[in-house]
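Only one structure is covered here, and it is reproduced in the block below.
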Amino acid sequence: FPSHDTNKAREIKQHLNSYPIYLTRKLDRAKDRLKDWARGTERIGLVASSNAIRLKPSGIFVKGEIDPTLWFLKGKSDIRSSHYLEDVATEFDVQGLEIDWVGVCWDTNFRIENGKWGTYNFSGSKWQTVHGLEKQKYIANSYRVLLTRGRQGVVIFVPEGDDSDPTRQKVFYDQTYQFLRNCGIEEI
C-alpha cells in the first residue's frame, strides 16, 4: 500500500478526535452504529456511488431511485426517509447536502490494487477498467463527495466479497479495506 498516503492519513486522523470515522465489513454493524449515534432530530443515512452496482447482494440498490426531498426531510417513521437505512442516496442525490451521521457503502469501482487506486465502471456483467483521466477523476471525486456528507461522523462499510462471484472477488474489497485500516480508521 502507498505508505506515504497511509502515514499522512493516520497523522491527520489522530487530530480528528471529535469526528468519529469507523470501518466495518458488516452492513448491520454500520447501521447499528448510525442508530446509536443519532440523538433527537439528528439525521442518519446510507450513501453509495451511483456505479456501486455490486453492492446489490448486500441489499444496497443504487439504481433504485429515491426522492431526495423525502429522503432528507421525512421523519423517522417514514420508510422513504434516510432514517430507515433502506434507501441509499448516491453522489447525485447528496451533492452539496449533508446529514449528521452517514454510512458510506464502498464498492469496487474505486479500489486499491497493488498499492494504487484503480477505477472501474460496471458494464453488462463485468467491471471494466476506466482509462480516461477525466473519468478516473470523476470516480475518485464521487467517493470524496460521499465521504464528506456526514457533519458529525462516518461509518464506512466495505463488503467481504464472494470468490464464487467474479464481480465480487474478496481481493477487490480486501485491499481497499486494509488500506483504510492502515490509514488509522478503527474497525467496529
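Just remember, in the C-alpha cells the first chain shown is A, the second B, etc., residues are 1-based per chain, and ligands are 1-based in the order shown.
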- Neighbour list for segment 3-12 of chain A as a list in words, cut-off 7 Å, only C-alpha atoms, skip fewer than 2 positions in-chain: Phe1, Gln14, His15, Leu16, Asn182, Cys183 and Gly184 of chain A
- Message: Excluding segment 87-100 of chain A and its own-chain neighbours fewer than 5 positions away, which residues fall within 8 Å of it when counting only C-alpha atoms? Please give them as number ranges by chain.
- Response: A: 38, 42-50, 60-62, 64, 66, 68, 72, 80-82, 142-143, 145-146, 148-153
Residues near Gly161 of chain A, anyone? I mean within 7 Å using only C-alpha atoms, not counting same-chain ones fewer than 3 positions away, as a compact mmCIF listing (two decimals) with N, CA and C atoms, in the first residue's frame.
# COMPACT_ATOMS: atom_id res chain seq x y z
N ARG A 168 -17.31 -9.87 -7.60
CA ARG A 168 -17.24 -9.51 -6.18
C ARG A 168 -16.12 -10.27 -5.46
N GLN A 169 -15.02 -10.51 -6.14
CA GLN A 169 -13.93 -11.27 -5.52
C GLN A 169 -13.46 -10.59 -4.24
N LYS A 170 -13.14 -11.40 -3.26
CA LYS A 170 -12.71 -10.86 -1.96
C LYS A 170 -11.54 -9.91 -2.09
N TYR A 173 -12.22 -6.21 -2.51
CA TYR A 173 -12.61 -5.47 -1.31
C TYR A 173 -11.52 -5.45 -0.25
- Item | Option closest in space to Ile185 of chain A, from A:Leu34, A:Leu73, A:Ile21, A:Arg54 [counting only C-alpha atoms] |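 Nearest candidate to Ile185 of chain A out of A:Leu34, A:Leu73, A:Ile21, A:Arg54: A:Ile21.
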- Message: Write out as a PyMOL selection string the set of residues from segment 108-187 of chain A that DSSP, computed on the backbone, places in strand (DSSP E or B).
- Response: chain A and resi 110-113+116-123+126-129+150-157+186-187
Export, as a CSV table (one decimal), in the first residue's frame, the selected residues with N, CA, C and O atoms.
chain,number,residue,atom,x,y,z
A,110,PHE,N,-14.0,1.8,-7.2
A,110,PHE,CA,-12.8,2.6,-6.8
A,110,PHE,C,-12.1,1.7,-5.7
A,110,PHE,O,-12.6,1.6,-4.6
A,111,ARG,N,-11.0,1.1,-6.1
A,111,ARG,CA,-10.4,0.2,-5.2
A,111,ARG,C,-8.8,0.2,-5.3
A,111,ARG,O,-8.3,0.6,-6.3
A,112,ILE,N,-8.2,-0.2,-4.2
A,112,ILE,CA,-6.8,-0.4,-4.2
A,112,ILE,C,-6.4,-1.7,-4.8
A,112,ILE,O,-7.0,-2.7,-4.5
A,113,GLU,N,-5.4,-1.6,-5.7
A,113,GLU,CA,-4.9,-2.8,-6.4
A,113,GLU,C,-3.4,-2.6,-6.4
A,113,GLU,O,-2.9,-1.7,-7.0
A,116,LYS,N,-2.1,0.9,-5.6
A,116,LYS,CA,-2.6,2.0,-6.3
A,116,LYS,C,-4.1,2.0,-6.4
A,116,LYS,O,-4.7,0.9,-6.5
A,117,TRP,N,-4.7,3.2,-6.6
A,117,TRP,CA,-6.1,3.3,-6.8
A,117,TRP,C,-6.5,2.9,-8.2
A,117,TRP,O,-5.8,3.3,-9.1
A,118,GLY,N,-7.5,2.0,-8.3
A,118,GLY,CA,-8.0,1.6,-9.6
A,118,GLY,C,-9.4,2.1,-9.8
A,118,GLY,O,-10.2,2.1,-8.8
A,119,THR,N,-9.8,2.5,-11.0
A,119,THR,CA,-11.1,3.0,-11.2
A,119,THR,C,-11.8,2.1,-12.3
A,119,THR,O,-11.2,1.7,-13.3
A,120,TYR,N,-13.1,1.7,-12.0
A,120,TYR,CA,-13.8,0.8,-12.8
A,120,TYR,C,-15.2,1.3,-13.0
A,120,TYR,O,-15.8,2.0,-12.2
A,121,ASN,N,-15.8,0.8,-14.1
A,121,ASN,CA,-17.2,1.1,-14.5
A,121,ASN,C,-17.8,-0.3,-14.7
A,121,ASN,O,-17.2,-1.2,-15.4
A,122,PHE,N,-19.0,-0.5,-14.1
A,122,PHE,CA,-19.6,-1.8,-14.3
A,122,PHE,C,-20.5,-1.7,-15.6
A,122,PHE,O,-21.4,-0.8,-15.7
A,123,SER,N,-20.2,-2.6,-16.5
A,123,SER,CA,-20.9,-2.6,-17.8
A,123,SER,C,-21.3,-4.0,-18.1
A,123,SER,O,-20.5,-4.9,-18.2
A,126,LYS,N,-19.7,-7.2,-16.1
A,126,LYS,CA,-18.3,-7.2,-15.5
A,126,LYS,C,-17.8,-5.8,-15.3
A,126,LYS,O,-18.3,-4.8,-15.9
A,127,TRP,N,-16.8,-5.7,-14.5
A,127,TRP,CA,-16.1,-4.4,-14.3
A,127,TRP,C,-15.2,-4.2,-15.5
A,127,TRP,O,-14.5,-5.1,-15.9
A,128,GLN,N,-15.1,-3.0,-15.9
A,128,GLN,CA,-14.2,-2.6,-17.0
A,128,GLN,C,-13.3,-1.4,-16.5
A,128,GLN,O,-13.8,-0.5,-15.9
A,129,THR,N,-12.0,-1.5,-16.7
A,129,THR,CA,-11.1,-0.5,-16.3
A,129,THR,C,-11.4,0.8,-17.0
A,129,THR,O,-11.7,0.9,-18.2
A,150,GLY,N,-21.2,13.6,6.0
A,150,GLY,CA,-21.5,13.5,7.4
A,150,GLY,C,-21.0,14.7,8.2
A,150,GLY,O,-19.8,14.9,8.2
A,151,ARG,N,-21.9,15.4,8.8
A,151,ARG,CA,-21.5,16.6,9.6
A,151,ARG,C,-20.8,16.1,10.9
A,151,ARG,O,-19.9,16.8,11.4
A,152,GLN,N,-21.2,15.0,11.5
A,152,GLN,CA,-20.7,14.6,12.8
A,152,GLN,C,-19.9,13.3,12.8
A,152,GLN,O,-19.2,13.1,13.8
A,153,GLY,N,-20.0,12.5,11.8
A,153,GLY,CA,-19.3,11.3,11.8
A,153,GLY,C,-19.6,10.4,10.6
A,153,GLY,O,-20.6,10.6,9.9
A,154,VAL,N,-18.8,9.4,10.4
A,154,VAL,CA,-18.9,8.5,9.2
A,154,VAL,C,-18.6,7.0,9.6
A,154,VAL,O,-17.7,6.8,10.4
A,155,VAL,N,-19.4,6.1,9.1
A,155,VAL,CA,-19.1,4.7,9.1
A,155,VAL,C,-18.9,4.2,7.7
A,155,VAL,O,-19.8,4.5,6.9
A,156,ILE,N,-17.8,3.6,7.4
A,156,ILE,CA,-17.6,3.1,6.0
A,156,ILE,C,-17.8,1.6,6.0
A,156,ILE,O,-17.2,0.8,6.8
A,157,PHE,N,-18.7,1.1,5.2
A,157,PHE,CA,-19.0,-0.3,5.0
A,157,PHE,C,-18.3,-0.8,3.7
A,157,PHE,O,-18.6,-0.3,2.6
A,186,GLU,N,-10.6,3.0,12.6
A,186,GLU,CA,-10.8,2.0,13.6
A,186,GLU,C,-12.0,1.1,13.1
A,186,GLU,O,-12.9,1.6,12.5
A,187,GLU,N,-11.8,-0.2,13.4
A,187,GLU,CA,-12.8,-1.2,13.0
A,187,GLU,C,-13.9,-1.3,14.1
A,187,GLU,O,-13.6,-1.3,15.3
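The gap separating atom CA of Leu85 of chain A from atom CA of Gly124 of chain A is 27.7 Å, in Å to one decimal.
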- Near-Glu160 of chain A list (12 Å; only C-alpha atoms; drop same-chain fewer than 6 positions) as a PyMOL selection string: chain A and resi 24-27+54-55+57-58+105-108+168-178
Backbone-only DSSP, helix (DSSP H, G or I) members of segment 13-169 of chain A, as a compact mmCIF listing (two decimals) with N, CA, C and O atoms, in the first residue's frame:
# COMPACT_ATOMS: atom_id res chain seq x y z
N LYS A 13 -5.81 11.67 10.89
CA LYS A 13 -6.86 11.01 11.67
C LYS A 13 -6.66 11.22 13.17
O LYS A 13 -7.63 11.37 13.91
N LEU A 27 -22.75 -4.70 7.18
CA LEU A 27 -23.68 -3.59 6.99
C LEU A 27 -24.55 -3.39 8.23
O LEU A 27 -24.81 -2.24 8.61
N ASP A 28 -24.96 -4.46 8.89
CA ASP A 28 -25.77 -4.31 10.10
C ASP A 28 -25.02 -3.55 11.19
O ASP A 28 -25.62 -2.77 11.93
N ARG A 29 -23.72 -3.77 11.31
CA ARG A 29 -22.92 -3.03 12.30
C ARG A 29 -22.89 -1.54 11.96
O ARG A 29 -22.96 -0.69 12.84
N ALA A 30 -22.74 -1.23 10.69
CA ALA A 30 -22.75 0.17 10.27
C ALA A 30 -24.08 0.81 10.62
O ALA A 30 -24.13 1.92 11.18
N LYS A 31 -25.16 0.13 10.31
CA LYS A 31 -26.50 0.66 10.62
C LYS A 31 -26.69 0.84 12.12
O LYS A 31 -27.22 1.85 12.57
N ASP A 32 -26.25 -0.15 12.89
CA ASP A 32 -26.38 -0.05 14.35
C ASP A 32 -25.60 1.14 14.90
O ASP A 32 -26.08 1.85 15.78
N ARG A 33 -24.39 1.34 14.39
CA ARG A 33 -23.58 2.48 14.86
C ARG A 33 -24.27 3.80 14.54
O ARG A 33 -24.33 4.70 15.37
N LEU A 34 -24.80 3.92 13.33
CA LEU A 34 -25.51 5.15 12.96
C LEU A 34 -26.70 5.39 13.89
O LEU A 34 -26.91 6.52 14.37
N LYS A 35 -27.46 4.35 14.17
CA LYS A 35 -28.62 4.48 15.07
C LYS A 35 -28.17 4.86 16.48
O LYS A 35 -28.84 5.67 17.15
N ASP A 36 -27.07 4.29 16.94
CA ASP A 36 -26.55 4.61 18.28
C ASP A 36 -26.12 6.07 18.40
O ASP A 36 -26.29 6.69 19.44
N TRP A 37 -25.53 6.60 17.34
CA TRP A 37 -25.03 7.97 17.35
C TRP A 37 -26.15 9.00 17.37
O TRP A 37 -26.04 10.04 18.00
N ILE A 53 -22.78 -0.97 -8.38
CA ILE A 53 -23.75 -1.97 -8.80
C ILE A 53 -23.63 -3.28 -8.01
O ILE A 53 -24.62 -3.94 -7.73
N ARG A 54 -22.41 -3.65 -7.62
CA ARG A 54 -22.21 -4.94 -6.96
C ARG A 54 -22.40 -4.88 -5.45
O ARG A 54 -22.05 -5.83 -4.75
N LEU A 55 -23.00 -3.80 -4.97
CA LEU A 55 -23.45 -3.77 -3.58
C LEU A 55 -24.83 -4.42 -3.45
O LEU A 55 -25.32 -4.64 -2.35
N LYS A 56 -25.43 -4.70 -4.58
CA LYS A 56 -26.78 -5.28 -4.61
C LYS A 56 -26.89 -6.56 -3.76
O LYS A 56 -27.88 -6.72 -3.03
N PRO A 57 -25.92 -7.48 -3.79
CA PRO A 57 -26.03 -8.67 -2.94
C PRO A 57 -26.04 -8.33 -1.44
O PRO A 57 -26.50 -9.14 -0.63
N SER A 58 -25.58 -7.15 -1.07
CA SER A 58 -25.62 -6.71 0.32
C SER A 58 -26.93 -6.00 0.65
O SER A 58 -27.13 -5.53 1.77
N PRO A 68 -34.99 12.71 -3.24
CA PRO A 68 -34.12 13.36 -2.27
C PRO A 68 -34.87 14.22 -1.24
O PRO A 68 -34.46 14.28 -0.08
N THR A 69 -35.96 14.84 -1.66
CA THR A 69 -36.72 15.66 -0.72
C THR A 69 -37.26 14.80 0.42
O THR A 69 -37.14 15.17 1.59
N LEU A 70 -37.82 13.67 0.07
CA LEU A 70 -38.36 12.77 1.10
C LEU A 70 -37.22 12.16 1.92
O LEU A 70 -37.32 12.04 3.15
N TRP A 71 -36.15 11.77 1.25
CA TRP A 71 -35.01 11.13 1.93
C TRP A 71 -34.41 12.07 2.97
O TRP A 71 -34.09 11.67 4.07
N PHE A 72 -34.27 13.34 2.61
CA PHE A 72 -33.65 14.32 3.51
C PHE A 72 -34.60 14.91 4.54
O PHE A 72 -34.16 15.34 5.60
N LEU A 73 -35.89 14.98 4.25
CA LEU A 73 -36.78 15.75 5.11
C LEU A 73 -37.80 14.96 5.92
O LEU A 73 -38.28 15.44 6.94
N SER A 82 -34.23 8.92 5.07
CA SER A 82 -32.88 8.37 5.27
C SER A 82 -32.78 7.58 6.56
O SER A 82 -31.99 6.65 6.66
N HIS A 83 -33.59 7.94 7.55
CA HIS A 83 -33.54 7.28 8.86
C HIS A 83 -33.79 5.78 8.80
O HIS A 83 -33.30 5.04 9.64
N TYR A 84 -34.55 5.33 7.84
CA TYR A 84 -34.88 3.91 7.75
C TYR A 84 -33.70 3.05 7.31
O TYR A 84 -33.71 1.84 7.48
N GLU A 91 -24.10 9.99 -5.03
CA GLU A 91 -23.43 11.29 -5.05
C GLU A 91 -24.28 12.36 -5.73
O GLU A 91 -24.18 13.54 -5.40
N PHE A 92 -25.13 11.96 -6.65
CA PHE A 92 -26.00 12.93 -7.33
C PHE A 92 -27.08 13.43 -6.38
O PHE A 92 -27.47 14.59 -6.44
N ASP A 93 -27.58 12.55 -5.52
CA ASP A 93 -28.64 12.92 -4.58
C ASP A 93 -28.14 13.82 -3.46
O ASP A 93 -28.89 14.65 -2.96
N VAL A 94 -26.88 13.64 -3.05
CA VAL A 94 -26.38 14.34 -1.87
C VAL A 94 -25.39 15.47 -2.19
O VAL A 94 -24.89 16.11 -1.27
N LEU A 133 -8.40 9.97 -17.96
CA LEU A 133 -8.08 10.69 -16.74
C LEU A 133 -9.29 11.43 -16.17
O LEU A 133 -9.51 11.42 -14.95
N GLU A 134 -10.09 12.06 -17.01
CA GLU A 134 -11.26 12.78 -16.53
C GLU A 134 -12.26 11.83 -15.87
O GLU A 134 -12.83 12.14 -14.83
N LYS A 135 -12.47 10.67 -16.47
CA LYS A 135 -13.40 9.69 -15.90
C LYS A 135 -12.84 9.12 -14.59
O LYS A 135 -13.58 8.85 -13.65
N GLN A 136 -11.52 8.92 -14.53
CA GLN A 136 -10.90 8.44 -13.30
C GLN A 136 -11.09 9.45 -12.17
O GLN A 136 -11.42 9.10 -11.04
N LYS A 137 -10.88 10.72 -12.51
CA LYS A 137 -11.08 11.79 -11.52
C LYS A 137 -12.52 11.85 -11.05
O LYS A 137 -12.80 12.09 -9.88
N TYR A 138 -13.44 11.63 -11.97
CA TYR A 138 -14.86 11.66 -11.64
C TYR A 138 -15.19 10.58 -10.60
O TYR A 138 -15.89 10.84 -9.62
N ILE A 139 -14.69 9.37 -10.80
CA ILE A 139 -14.96 8.28 -9.87
C ILE A 139 -14.35 8.58 -8.51
O ILE A 139 -15.00 8.43 -7.47
N ALA A 140 -13.10 9.03 -8.49
CA ALA A 140 -12.47 9.39 -7.22
C ALA A 140 -13.24 10.50 -6.53
O ALA A 140 -13.47 10.46 -5.31
N ASN A 141 -13.68 11.49 -7.29
CA ASN A 141 -14.42 12.60 -6.72
C ASN A 141 -15.77 12.15 -6.16
O ASN A 141 -16.23 12.69 -5.15
N SER A 142 -16.40 11.16 -6.79
CA SER A 142 -17.68 10.69 -6.26
C SER A 142 -17.50 10.14 -4.84
O SER A 142 -18.35 10.37 -3.97
N TYR A 143 -16.38 9.47 -4.57
CA TYR A 143 -16.13 8.98 -3.21
C TYR A 143 -15.77 10.12 -2.27
O TYR A 143 -16.13 10.09 -1.09
N ARG A 144 -15.10 11.14 -2.76
CA ARG A 144 -14.84 12.32 -1.93
C ARG A 144 -16.16 12.94 -1.49
O ARG A 144 -16.35 13.28 -0.32
N VAL A 145 -17.08 13.08 -2.44
CA VAL A 145 -18.40 13.63 -2.12
C VAL A 145 -19.07 12.78 -1.04
O VAL A 145 -19.56 13.30 -0.03
N LEU A 146 -19.09 11.47 -1.22
CA LEU A 146 -19.75 10.58 -0.27
C LEU A 146 -19.12 10.65 1.11
O LEU A 146 -19.82 10.68 2.13
N LEU A 147 -17.79 10.67 1.15
CA LEU A 147 -17.08 10.68 2.44
C LEU A 147 -17.22 12.00 3.19
O LEU A 147 -16.91 12.06 4.39
- Just how far from atom CA of Val158 of chain A is atom CA of Asp78 of chain A, in Å to one decimal?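 For atom CA of Asp78 of chain A relative to atom CA of Val158 of chain A, the distance reads 27.0 Å.
If you look at atom CA of Lys63 of chain A and atom CA of Asn51 of chain A, they are 8.4 Å away from each other.
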